Every structure is written in C-alpha cells, then in structure tokens.
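**Q** The structure is given below, and queries will be raised subsequently.
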Amino acid sequence: MEGLPLTDLIIATYLKKYRGLYLLTNDHSDFPTSVFDRKYIFNLEEFGDKIYGLYIYKPKTKVFDEQISVYDDIPF
C-alpha cells in the first residue's frame, strides 16, 4: 500500500489481532472509517488544539463485505 507508513500498518495489524484494543491518534487519514470505527473525537486544548480520534477495528460482516470491497487490498 503506497503512501501508508509501515508503523501505521503494524498498528492496524495489532488492532485487528487484539479485538477490543483502541487507538488514540490525531492522524485520521491513515485509519479510514471504512475499516475502523471512530468511537470518539476529542479536542484537546492542552496539546495545541489538536483533534484526536479513538479508533477500534471494525470486524468484517457479510453485509459489509458486499457493500465495500476495501478488505481485498489490505495486506494483513
């Protein structure tokens, strides 16, 4: 997957492998909501008004797979 940092791929792999694991990040572009659920959004003024999202892996379902074939391109 071009343009996606190796670190983000490793983090995504852990989120998929260990269900119930959450990720808090301000990098929203590398964790698309078609694959991950964004549970919460935080605006933290103490850290320079950055917006953080809390993400968790969204497991595949039959209905979801029929609507979106994004999983075919994911290398993990």
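Every chain in the structure tokens takes a letter, A first, then B, and so on in the order presented; its residues are numbered from 1, and the ligands are numbered from 1 following the presented order.
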For region 6-23 of chain A, find every residue with an atom within 7 Å (counting only C-alpha atoms), except residues of its own chain fewer than 3 positions away, and show them as a list in words.
**A** Asp30, Leu54, Tyr55, Ile56, Tyr57 and Phe76 of chain A
**Q** Give me the residues within 10 Å of Asn26 (chain A) as a list in words, counting only C-alpha atoms and dropping any in the same chain fewer than 3 places off.
**A**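 Answer for this query is Leu23, Ser29, Asp30, Ile41, Phe42, Asn43, Lys50, Ile51, Tyr52, Gly53 and Leu54 of chain A.
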**Q** Filtering to N, CA and C atoms, could you give me those residues as a PDB file, in the first residue's frame?
**A**
```
ATOM      1  N   LEU A  23      -7.109   2.765  19.678  1.00  0.00           N
ATOM      2  CA  LEU A  23      -6.006   3.626  19.275  1.00  0.00           C
ATOM      3  C   LEU A  23      -6.451   5.076  19.393  1.00  0.00           C
ATOM      4  N   SER A  29      -6.164  10.337   8.637  1.00  0.00           N
ATOM      5  CA  SER A  29      -6.144   9.897   7.242  1.00  0.00           C
ATOM      6  C   SER A  29      -5.652   8.467   7.064  1.00  0.00           C
ATOM      7  N   ASP A  30      -4.848   7.947   7.990  1.00  0.00           N
ATOM      8  CA  ASP A  30      -4.305   6.598   7.846  1.00  0.00           C
ATOM      9  C   ASP A  30      -5.183   5.522   8.471  1.00  0.00           C
ATOM     10  N   ILE A  41     -14.300  11.568  19.378  1.00  0.00           N
ATOM     11  CA  ILE A  41     -13.415  12.619  18.900  1.00  0.00           C
ATOM     12  C   ILE A  41     -13.195  13.580  20.063  1.00  0.00           C
ATOM     13  N   PHE A  42     -11.935  13.911  20.305  1.00  0.00           N
ATOM     14  CA  PHE A  42     -11.560  14.796  21.402  1.00  0.00           C
ATOM     15  C   PHE A  42     -10.854  16.026  20.852  1.00  0.00           C
ATOM     16  N   ASN A  43     -11.179  17.186  21.376  1.00  0.00           N
ATOM     17  CA  ASN A  43     -10.439  18.411  21.081  1.00  0.00           C
ATOM     18  C   ASN A  43      -9.656  18.756  22.341  1.00  0.00           C
ATOM     19  N   LYS A  50      -5.401  20.261  19.197  1.00  0.00           N
ATOM     20  CA  LYS A  50      -5.386  19.150  18.256  1.00  0.00           C
ATOM     21  C   LYS A  50      -6.634  18.299  18.464  1.00  0.00           C
ATOM     22  N   ILE A  51      -7.112  17.745  17.373  1.00  0.00           N
ATOM     23  CA  ILE A  51      -8.299  16.884  17.423  1.00  0.00           C
ATOM     24  C   ILE A  51      -7.848  15.435  17.347  1.00  0.00           C
ATOM     25  N   TYR A  52      -8.186  14.670  18.370  1.00  0.00           N
ATOM     26  CA  TYR A  52      -7.813  13.263  18.449  1.00  0.00           C
ATOM     27  C   TYR A  52      -9.051  12.395  18.247  1.00  0.00           C
ATOM     28  N   GLY A  53      -8.838  11.240  17.659  1.00  0.00           N
ATOM     29  CA  GLY A  53      -9.907  10.268  17.486  1.00  0.00           C
ATOM     30  C   GLY A  53      -9.543   8.971  18.182  1.00  0.00           C
ATOM     31  N   LEU A  54     -10.552   8.297  18.716  1.00  0.00           N
ATOM     32  CA  LEU A  54     -10.367   6.998  19.357  1.00  0.00           C
ATOM     33  C   LEU A  54     -10.927   5.950  18.410  1.00  0.00           C
TER      34      LEU A  54
END
```
